[in-house]
$ cat model14.pdb   # PDB, C-alpha atoms, pLDDT in the B column
ATOM      1  CA  MET A   1     108.401  98.707  84.509  1.00 56.00           C
ATOM      2  CA  GLY A   2     111.359  96.919  83.007  1.00 65.00           C
ATOM      3  CA  LEU A   3     114.884  96.711  84.305  1.00 71.00           C
ATOM      4  CA  PRO A   4     114.614  98.628  87.613  1.00 72.00           C
ATOM      5  CA  PHE A   5     111.891  96.298  88.880  1.00 76.00           C
ATOM      6  CA  PHE A   6     113.731  93.256  87.578  1.00 80.00           C
ATOM      7  CA  ALA A   7     116.873  94.365  89.426  1.00 83.00           C
ATOM      8  CA  MET A   8     114.832  94.908  92.588  1.00 79.00           C
ATOM      9  CA  GLU A   9     113.135  91.523  92.281  1.00 79.00           C
ATOM     10  CA  GLN A  10     116.591  89.929  91.890  1.00 83.00           C
ATOM     11  CA  GLY A  11     117.893  91.692  95.007  1.00 83.00           C
ATOM     12  CA  GLU A  12     120.389  93.801  93.057  1.00 88.00           C
ATOM     13  CA  VAL A  13     118.905  97.126  94.222  1.00 85.00           C
ATOM     14  CA  MET A  14     116.886  97.979  97.303  1.00 85.00           C
ATOM     15  CA  SER A  15     114.404 100.435  95.785  1.00 84.00           C
ATOM     16  CA  THR A  16     113.093 101.993  92.624  1.00 82.00           C
ATOM     17  CA  THR A  17     110.418 104.380  91.478  1.00 82.00           C
ATOM     18  CA  ALA A  18     107.380 103.543  89.416  1.00 82.00           C
ATOM     19  CA  GLU A  19     104.662 105.396  87.580  1.00 80.00           C
ATOM     20  CA  PRO A  20     101.539 104.673  89.669  1.00 82.00           C
ATOM     21  CA  ALA A  21      99.439 103.289  86.814  1.00 77.00           C
ATOM     22  CA  ASN A  22     102.182 100.818  85.881  1.00 78.00           C
ATOM     23  CA  LEU A  23     102.728  99.773  89.485  1.00 83.00           C
ATOM     24  CA  LEU A  24      99.020  99.198  90.047  1.00 82.00           C
ATOM     25  CA  ALA A  25      98.505  97.339  86.774  1.00 81.00           C
ATOM     26  CA  ASN A  26     101.693  95.307  86.493  1.00 82.00           C
ATOM     27  CA  LYS A  27     103.398  94.900  89.863  1.00 84.00           C
ATOM     28  CA  TRP A  28     100.692  95.266  92.501  1.00 86.00           C
ATOM     29  CA  HIS A  29     100.867  91.519  93.146  1.00 87.00           C
ATOM     30  CA  LEU A  30     104.337  92.108  94.602  1.00 86.00           C
ATOM     31  CA  VAL A  31     102.870  94.605  97.076  1.00 87.00           C
ATOM     32  CA  GLU A  32     100.023  92.238  97.958  1.00 90.00           C
ATOM     33  CA  SER A  33     102.450  89.351  98.529  1.00 91.00           C
ATOM     34  CA  GLY A  34     104.708  91.489 100.717  1.00 88.00           C
ATOM     35  CA  GLU A  35     107.695  91.176  98.373  1.00 85.00           C
ATOM     36  CA  ILE A  36     107.887  94.957  97.995  1.00 85.00           C
ATOM     37  CA  SER A  37     106.552  97.887  99.989  1.00 88.00           C
ATOM     38  CA  VAL A  38     105.179 101.177  98.775  1.00 90.00           C
ATOM     39  CA  LEU A  39     106.766 103.973 100.813  1.00 90.00           C
ATOM     40  CA  GLY A  40     104.662 106.751  99.341  1.00 89.00           C
ATOM     41  CA  PHE A  41     103.917 108.598  96.149  1.00 88.00           C
ATOM     42  CA  LEU A  42     104.725 112.009  94.749  1.00 88.00           C
ATOM     43  CA  GLY A  43     101.857 113.762  93.067  1.00 85.00           C
ATOM     44  CA  LEU A  44      99.592 116.759  93.000  1.00 84.00           C
ATOM     45  CA  GLU A  45      96.546 114.722  93.966  1.00 83.00           C
ATOM     46  CA  THR A  46      95.712 111.381  95.504  1.00 83.00           C
ATOM     47  CA  VAL A  47      96.235 108.421  93.185  1.00 81.00           C
ATOM     48  CA  ALA A  48      93.344 105.949  93.027  1.00 80.00           C
ATOM     49  CA  GLY A  49      94.628 102.742  94.574  1.00 85.00           C
ATOM     50  CA  LEU A  50      97.315 104.492  96.627  1.00 87.00           C
ATOM     51  CA  GLU A  51      95.011 106.279  99.072  1.00 89.00           C
ATOM     52  CA  ASP A  52      96.560 104.454 102.036  1.00 91.00           C
ATOM     53  CA  TYR A  53     100.078 105.731 101.295  1.00 92.00           C
ATOM     54  CA  PRO A  54     101.483 109.170 102.094  1.00 92.00           C
ATOM     55  CA  ASN A  55     102.013 111.833  99.481  1.00 91.00           C
ATOM     56  CA  LEU A  56     105.669 112.779  99.880  1.00 90.00           C
ATOM     57  CA  LEU A  57     104.771 116.454  99.421  1.00 91.00           C
ATOM     58  CA  ASP A  58     102.845 116.273 102.694  1.00 92.00           C
ATOM     59  CA  LEU A  59     105.993 115.126 104.518  1.00 92.00           C
ATOM     60  CA  ILE A  60     108.124 118.156 103.556  1.00 92.00           C
ATOM     61  CA  ASP A  61     107.813 121.458 105.434  1.00 92.00           C
ATOM     62  CA  GLU A  62     106.563 124.399 103.358  1.00 88.00           C
ATOM     63  CA  ASP A  63     109.751 126.409 103.982  1.00 87.00           C
ATOM     64  CA  ASN A  64     112.120 123.599 102.998  1.00 89.00           C
ATOM     65  CA  LEU A  65     113.838 124.024  99.606  1.00 83.00           C
ATOM     66  CA  ALA A  66     113.272 120.310  99.007  1.00 88.00           C
ATOM     67  CA  ARG A  67     109.499 120.941  98.983  1.00 88.00           C
ATOM     68  CA  GLY A  68     109.837 123.341  96.050  1.00 86.00           C
ATOM     69  CA  GLN A  69     112.002 120.813  94.259  1.00 86.00           C
ATOM     70  CA  ALA A  70     109.573 117.948  94.941  1.00 88.00           C
ATOM     71  CA  LEU A  71     106.637 120.115  93.876  1.00 87.00           C
ATOM     72  CA  ALA A  72     108.376 120.957  90.599  1.00 84.00           C
ATOM     73  CA  VAL A  73     108.986 117.252  89.939  1.00 84.00           C
ATOM     74  CA  ALA A  74     105.353 116.463  90.777  1.00 84.00           C
ATOM     75  CA  GLN A  75     104.194 119.205  88.431  1.00 82.00           C
ATOM     76  CA  ALA A  76     106.322 117.785  85.619  1.00 78.00           C
ATOM     77  CA  ALA A  77     104.736 114.387  86.201  1.00 74.00           C
ATOM     78  CA  GLY A  78     101.316 116.042  86.271  1.00 71.00           C
ATOM     79  CA  ILE A  79     101.752 117.096  82.667  1.00 75.00           C
ATOM     80  CA  GLY A  80     101.827 113.438  81.683  1.00 71.00           C
ATOM     81  CA  LEU A  81     101.647 112.455  78.058  1.00 70.00           C
ATOM     82  CA  SER A  82     100.309 115.667  76.617  1.00 76.00           C
ATOM     83  CA  LEU A  83      99.563 116.593  73.049  1.00 79.00           C
ATOM     84  CA  ILE A  84     100.909 120.028  72.227  1.00 81.00           C
ATOM     85  CA  ALA A  85     100.788 122.410  69.300  1.00 84.00           C
ATOM     86  CA  PRO A  86     103.116 125.279  68.432  1.00 88.00           C
ATOM     87  CA  PRO A  87     102.317 128.887  69.330  1.00 88.00           C
ATOM     88  CA  GLY A  88     100.075 130.752  66.924  1.00 93.00           C
ATOM     89  CA  VAL A  89      97.647 127.954  66.054  1.00 94.00           C
ATOM     90  CA  PRO A  90      94.275 129.632  65.402  1.00 96.00           C
ATOM     91  CA  GLU A  91      91.843 129.273  68.326  1.00 93.00           C
ATOM     92  CA  ASP A  92      89.214 127.501  66.183  1.00 96.00           C
ATOM     93  CA  ARG A  93      91.741 124.761  65.378  1.00 95.00           C
ATOM     94  CA  VAL A  94      92.803 124.475  69.017  1.00 92.00           C
ATOM     95  CA  ALA A  95      89.136 124.146  70.014  1.00 94.00           C
ATOM     96  CA  TYR A  96      88.580 121.489  67.331  1.00 95.00           C
ATOM     97  CA  LEU A  97      91.638 119.452  68.392  1.00 92.00           C
ATOM     98  CA  ARG A  98      90.658 119.682  72.054  1.00 92.00           C
ATOM     99  CA  GLY A  99      87.128 118.548  71.233  1.00 94.00           C
ATOM    100  CA  VAL A 100      88.338 115.550  69.233  1.00 93.00           C
ATOM    101  CA  PHE A 101      90.780 114.578  71.973  1.00 90.00           C
ATOM    102  CA  GLU A 102      88.133 114.902  74.694  1.00 91.00           C
ATOM    103  CA  ALA A 103      85.715 112.748  72.692  1.00 94.00           C
ATOM    104  CA  THR A 104      88.459 110.162  72.190  1.00 91.00           C
ATOM    105  CA  MET A 105      89.370 110.082  75.887  1.00 88.00           C
ATOM    106  CA  ASN A 106      85.725 109.522  76.788  1.00 89.00           C
ATOM    107  CA  ASP A 107      85.083 106.844  74.159  1.00 92.00           C
ATOM    108  CA  PRO A 108      83.802 103.701  75.933  1.00 92.00           C
ATOM    109  CA  ASP A 109      85.724 101.393  73.587  1.00 90.00           C
ATOM    110  CA  LEU A 110      88.991 103.215  74.281  1.00 88.00           C
ATOM    111  CA  ILE A 111      88.669 103.140  78.066  1.00 87.00           C
ATOM    112  CA  ALA A 112      87.303  99.573  78.295  1.00 91.00           C
ATOM    113  CA  GLU A 113      90.669  97.788  78.158  1.00 84.00           C
ATOM    114  CA  PRO A 114      92.425  99.910  80.772  1.00 82.00           C
ATOM    115  CA  ALA A 115      89.366  99.533  83.020  1.00 82.00           C
ATOM    116  CA  GLU A 116      89.505  95.737  82.667  1.00 84.00           C
ATOM    117  CA  ARG A 117      93.176  95.813  83.721  1.00 78.00           C
ATOM    118  CA  SER A 118      92.580  98.328  86.558  1.00 72.00           C
ATOM    119  CA  ILE A 119      94.756 100.920  84.849  1.00 74.00           C
ATOM    120  CA  PRO A 120      93.586 104.437  85.645  1.00 71.00           C
ATOM    121  CA  VAL A 121      93.069 106.764  82.692  1.00 75.00           C
ATOM    122  CA  ASN A 122      93.619 110.299  83.908  1.00 74.00           C
ATOM    123  CA  TYR A 123      92.337 112.709  81.297  1.00 79.00           C
ATOM    124  CA  ALA A 124      92.909 116.426  81.720  1.00 82.00           C
ATOM    125  CA  SER A 125      91.356 118.978  79.402  1.00 86.00           C
ATOM    126  CA  GLY A 126      93.490 121.272  77.288  1.00 86.00           C
ATOM    127  CA  GLU A 127      92.138 124.255  79.193  1.00 88.00           C
ATOM    128  CA  TRP A 128      93.185 122.708  82.525  1.00 86.00           C
ATOM    129  CA  LEU A 129      96.617 121.820  81.166  1.00 85.00           C
ATOM    130  CA  GLN A 130      97.189 125.330  79.829  1.00 85.00           C
ATOM    131  CA  GLU A 131      96.347 126.840  83.253  1.00 86.00           C
ATOM    132  CA  PHE A 132      98.435 124.193  85.006  1.00 82.00           C
ATOM    133  CA  LEU A 133     101.492 124.945  82.877  1.00 82.00           C
ATOM    134  CA  ALA A 134     101.135 128.673  83.487  1.00 82.00           C
ATOM    135  CA  SER A 135     101.114 128.124  87.262  1.00 81.00           C
ATOM    136  CA  ALA A 136     103.938 125.555  87.099  1.00 78.00           C
ATOM    137  CA  MET A 137     106.175 128.123  85.407  1.00 79.00           C
ATOM    138  CA  GLU A 138     105.965 130.316  88.515  1.00 81.00           C
ATOM    139  CA  VAL A 139     108.755 128.660  90.508  1.00 78.00           C
ATOM    140  CA  ASP A 140     111.209 130.111  92.973  1.00 81.00           C
ATOM    141  CA  ASP A 141     114.637 131.008  91.561  1.00 85.00           C
ATOM    142  CA  SER A 142     116.282 128.512  93.930  1.00 82.00           C
ATOM    143  CA  VAL A 143     114.265 125.706  92.329  1.00 80.00           C
ATOM    144  CA  ARG A 144     115.262 126.883  88.844  1.00 80.00           C
ATOM    145  CA  GLU A 145     118.906 126.905  89.920  1.00 84.00           C
ATOM    146  CA  TRP A 146     118.568 123.406  91.380  1.00 79.00           C
ATOM    147  CA  PHE A 147     117.137 122.051  88.101  1.00 75.00           C
ATOM    148  CA  ALA A 148     119.884 123.806  86.129  1.00 80.00           C
ATOM    149  CA  SER A 149     122.505 122.186  88.383  1.00 82.00           C
ATOM    150  CA  LEU A 150     121.199 118.764  87.407  1.00 75.00           C
ATOM    151  CA  VAL A 151     122.412 119.180  83.836  1.00 75.00           C
ATOM    152  CA  ASP A 152     125.797 120.757  84.589  1.00 66.00           C
TER     153      ASP A 152
END

$ encode --input "model14.pdb" --output "structure tokens"
Amino acid sequence: MGLPFFAMEQGEVMSTTAEPANLLANKWHLVESGEISVLGFLGLETVAGLEDYPNLLDLIDEDNLARGQALAVAQAAGIGLSLIAPPGVPEDRVAYLRGVFEATMNDPDLIAEPAERSIPVNYASGEWLQEFLASAMEVDDSVREWFASLVD
């Protein structure tokens, strides 16, 4: 959470963004005390613990360019901390790596600590991620141009 939240707590800035898991685990006491307010979240699905707050995607009309931009940002966040391999890895190795990762993400010892701290662990299978990335690549040219303008 670091410096942006510190600056907000000190009154130096009026707002910041936060990854939902970090907000819920590390700064939720500030929401409960009324020191900060959650305006909404941006995501592809409801975030456990933020059900009472609006998804910003729902506030943008379908035909508004900003919706495509917000959706692209939400999709990028949806990828999360993914493990990737280069093209051409044999399917049996991909299947093995996915199996090991799935077993790890479902290991009771691994998920015990985050559960104790109320930190959600959002596991997505490699198959789901591969389909998700394929659909996320199908963006309108205006959204591509907008992203390109960010680095000019």

$ residues_around --input "model14.pdb" --residues "Asp58 in chain A" --least-positions-apart "5" --cutoff "12 Å" --atoms "all atoms listed in the file" --output "number ranges by chain"
A: 40-46, 53, 64, 66-68, 70-71

$ resolve_selection --input "model14.pdb" --expression "the PyMOL selection byres ((chain A and resi 81) around 12)" --output "number ranges by chain"
A: 76-80, 82-84, 121-124, 129

$ closest_residue --input "model14.pdb" --among "A:Ile119, A:Ala72, A:Leu30, A:Val151" --to "Gly49 in chain A" --atoms "only C-alpha atoms"
A:Ile119

$ resolve_selection --input "model14.pdb" --expression "the PyMOL selection byres ((chain A and resi 93-103) around 10)" --output "list in words"
Leu83, Ile84, Ala85, Gly88, Val89, Pro90, Glu91, Asp92, Thr104, Met105, Asn106, Asp107, Pro108, Tyr123, Ala124, Ser125, Gly126 and Glu127 of chain A

$ closest_residue --input "model14.pdb" --among "A:Phe6, A:Trp146, A:Phe132, A:Trp28" --to "Leu65 in chain A" --atoms "only C-alpha atoms"
A:Trp146

$ closest_residue --input "model14.pdb" --among "A:Val31, A:Leu39, A:Met8, A:Val73" --to "Val139 in chain A" --atoms "only C-alpha atoms"
A:Val73

$ residues_around --input "model14.pdb" --residues "range 12-16 of chain A" --least-positions-apart "2" --cutoff "12 Å" --atoms "only C-alpha atoms" --output "MDAnalysis selection string"
chainID A and resid 1:10 18:19 23 35:41

$ write_last_selection --input "model14.pdb" --atoms "C-alpha atoms" --output "PDB file, in the coordinates of the input"
ATOM      1  CA  MET A   1     108.401  98.707  84.509  1.00 56.00           C
ATOM      2  CA  GLY A   2     111.359  96.919  83.007  1.00 65.00           C
ATOM      3  CA  LEU A   3     114.884  96.711  84.305  1.00 71.00           C
ATOM      4  CA  PRO A   4     114.614  98.628  87.613  1.00 72.00           C
ATOM      5  CA  PHE A   5     111.891  96.298  88.880  1.00 76.00           C
ATOM      6  CA  PHE A   6     113.731  93.256  87.578  1.00 80.00           C
ATOM      7  CA  ALA A   7     116.873  94.365  89.426  1.00 83.00           C
ATOM      8  CA  MET A   8     114.832  94.908  92.588  1.00 79.00           C
ATOM      9  CA  GLU A   9     113.135  91.523  92.281  1.00 79.00           C
ATOM     10  CA  GLN A  10     116.591  89.929  91.890  1.00 83.00           C
ATOM     11  CA  ALA A  18     107.380 103.543  89.416  1.00 82.00           C
ATOM     12  CA  GLU A  19     104.662 105.396  87.580  1.00 80.00           C
ATOM     13  CA  LEU A  23     102.728  99.773  89.485  1.00 83.00           C
ATOM     14  CA  GLU A  35     107.695  91.176  98.373  1.00 85.00           C
ATOM     15  CA  ILE A  36     107.887  94.957  97.995  1.00 85.00           C
ATOM     16  CA  SER A  37     106.552  97.887  99.989  1.00 88.00           C
ATOM     17  CA  VAL A  38     105.179 101.177  98.775  1.00 90.00           C
ATOM     18  CA  LEU A  39     106.766 103.973 100.813  1.00 90.00           C
ATOM     19  CA  GLY A  40     104.662 106.751  99.341  1.00 89.00           C
ATOM     20  CA  PHE A  41     103.917 108.598  96.149  1.00 88.00           C
TER      21      PHE A  41
END

$ atom_distance --input "model14.pdb" --atom1 "CA of Ser118 in chain A" --atom2 "CA of Val47 in chain A"
12.6 Å

$ atom_distance --input "model14.pdb" --atom1 "CA of Pro54 in chain A" --atom2 "CA of Gly34 in chain A"
18.0 Å

$ closest_residue --input "model14.pdb" --among "A:Ala74, A:Glu131, A:Ala21, A:Met137" --to "Leu50 in chain A" --atoms "all atoms listed in the file"
A:Ala21

$ axis_aligned_box --input "model14.pdb" --around "range 85-102 of chain A" --padding-each-side "4 Å" --output "AutoDock Vina command-line options"
--center_x 95.1 --center_y 122.7 --center_z 70.0 --size_x 24.0 --size_y 24.2 --size_z 17.3

$ atom_distance --input "model14.pdb" --atom1 "CA of Ile111 in chain A" --atom2 "CA of Asn22 in chain A"
15.8 Å

$ decode --input "model14.pdb" --residues "range 37-81 of chain A" --atoms "C-alpha atoms" --output "compact mmCIF listing (two decimals), in the first residue's frame"
# COMPACT_ATOMS: atom_id res chain seq x y z
CA SER A 37 -14.28 6.08 1.72
CA VAL A 38 -14.38 3.48 -1.01
CA LEU A 39 -15.93 5.05 -4.11
CA GLY A 40 -16.05 1.85 -6.13
CA PHE A 41 -13.90 -0.79 -7.73
CA LEU A 42 -12.88 -1.68 -11.25
CA GLY A 43 -12.99 -5.34 -12.06
CA LEU A 44 -14.45 -8.06 -14.20
CA GLU A 45 -16.32 -9.62 -11.29
CA THR A 46 -17.48 -8.70 -7.83
CA VAL A 47 -14.71 -8.59 -5.23
CA ALA A 48 -15.45 -10.44 -1.99
CA GLY A 49 -15.69 -7.78 0.70
CA LEU A 50 -16.59 -5.00 -1.75
CA GLU A 51 -20.07 -6.23 -2.68
CA ASP A 52 -21.66 -3.04 -1.36
CA TYR A 53 -19.65 -0.78 -3.68
CA PRO A 54 -20.30 -0.13 -7.37
CA ASN A 55 -18.22 -1.64 -10.13
CA LEU A 56 -17.09 1.37 -12.16
CA LEU A 57 -17.71 -0.57 -15.38
CA ASP A 58 -21.42 -0.57 -14.53
CA LEU A 59 -21.41 3.24 -14.38
CA ILE A 60 -20.12 3.77 -17.94
CA ASP A 61 -22.47 3.54 -20.94
CA GLU A 62 -21.70 0.73 -23.39
CA ASP A 63 -21.16 3.17 -26.28
CA ASN A 64 -18.76 5.42 -24.37
CA LEU A 65 -15.09 5.12 -25.39
CA ALA A 66 -14.19 5.34 -21.70
CA ARG A 67 -15.96 2.00 -21.12
CA GLY A 68 -13.64 0.25 -23.58
CA GLN A 69 -10.67 1.87 -21.89
CA ALA A 70 -11.88 0.91 -18.40
CA LEU A 71 -12.63 -2.63 -19.57
CA ALA A 72 -9.11 -2.96 -20.98
CA VAL A 73 -7.63 -1.79 -17.67
CA ALA A 74 -9.87 -4.22 -15.77
CA GLN A 75 -8.79 -7.04 -18.07
CA ALA A 76 -5.13 -6.23 -17.45
CA ALA A 77 -5.78 -6.39 -13.71
CA GLY A 78 -7.65 -9.65 -14.22
CA ILE A 79 -4.47 -11.29 -15.44
CA GLY A 80 -2.96 -10.74 -12.01
CA LEU A 81 0.31 -12.36 -11.10
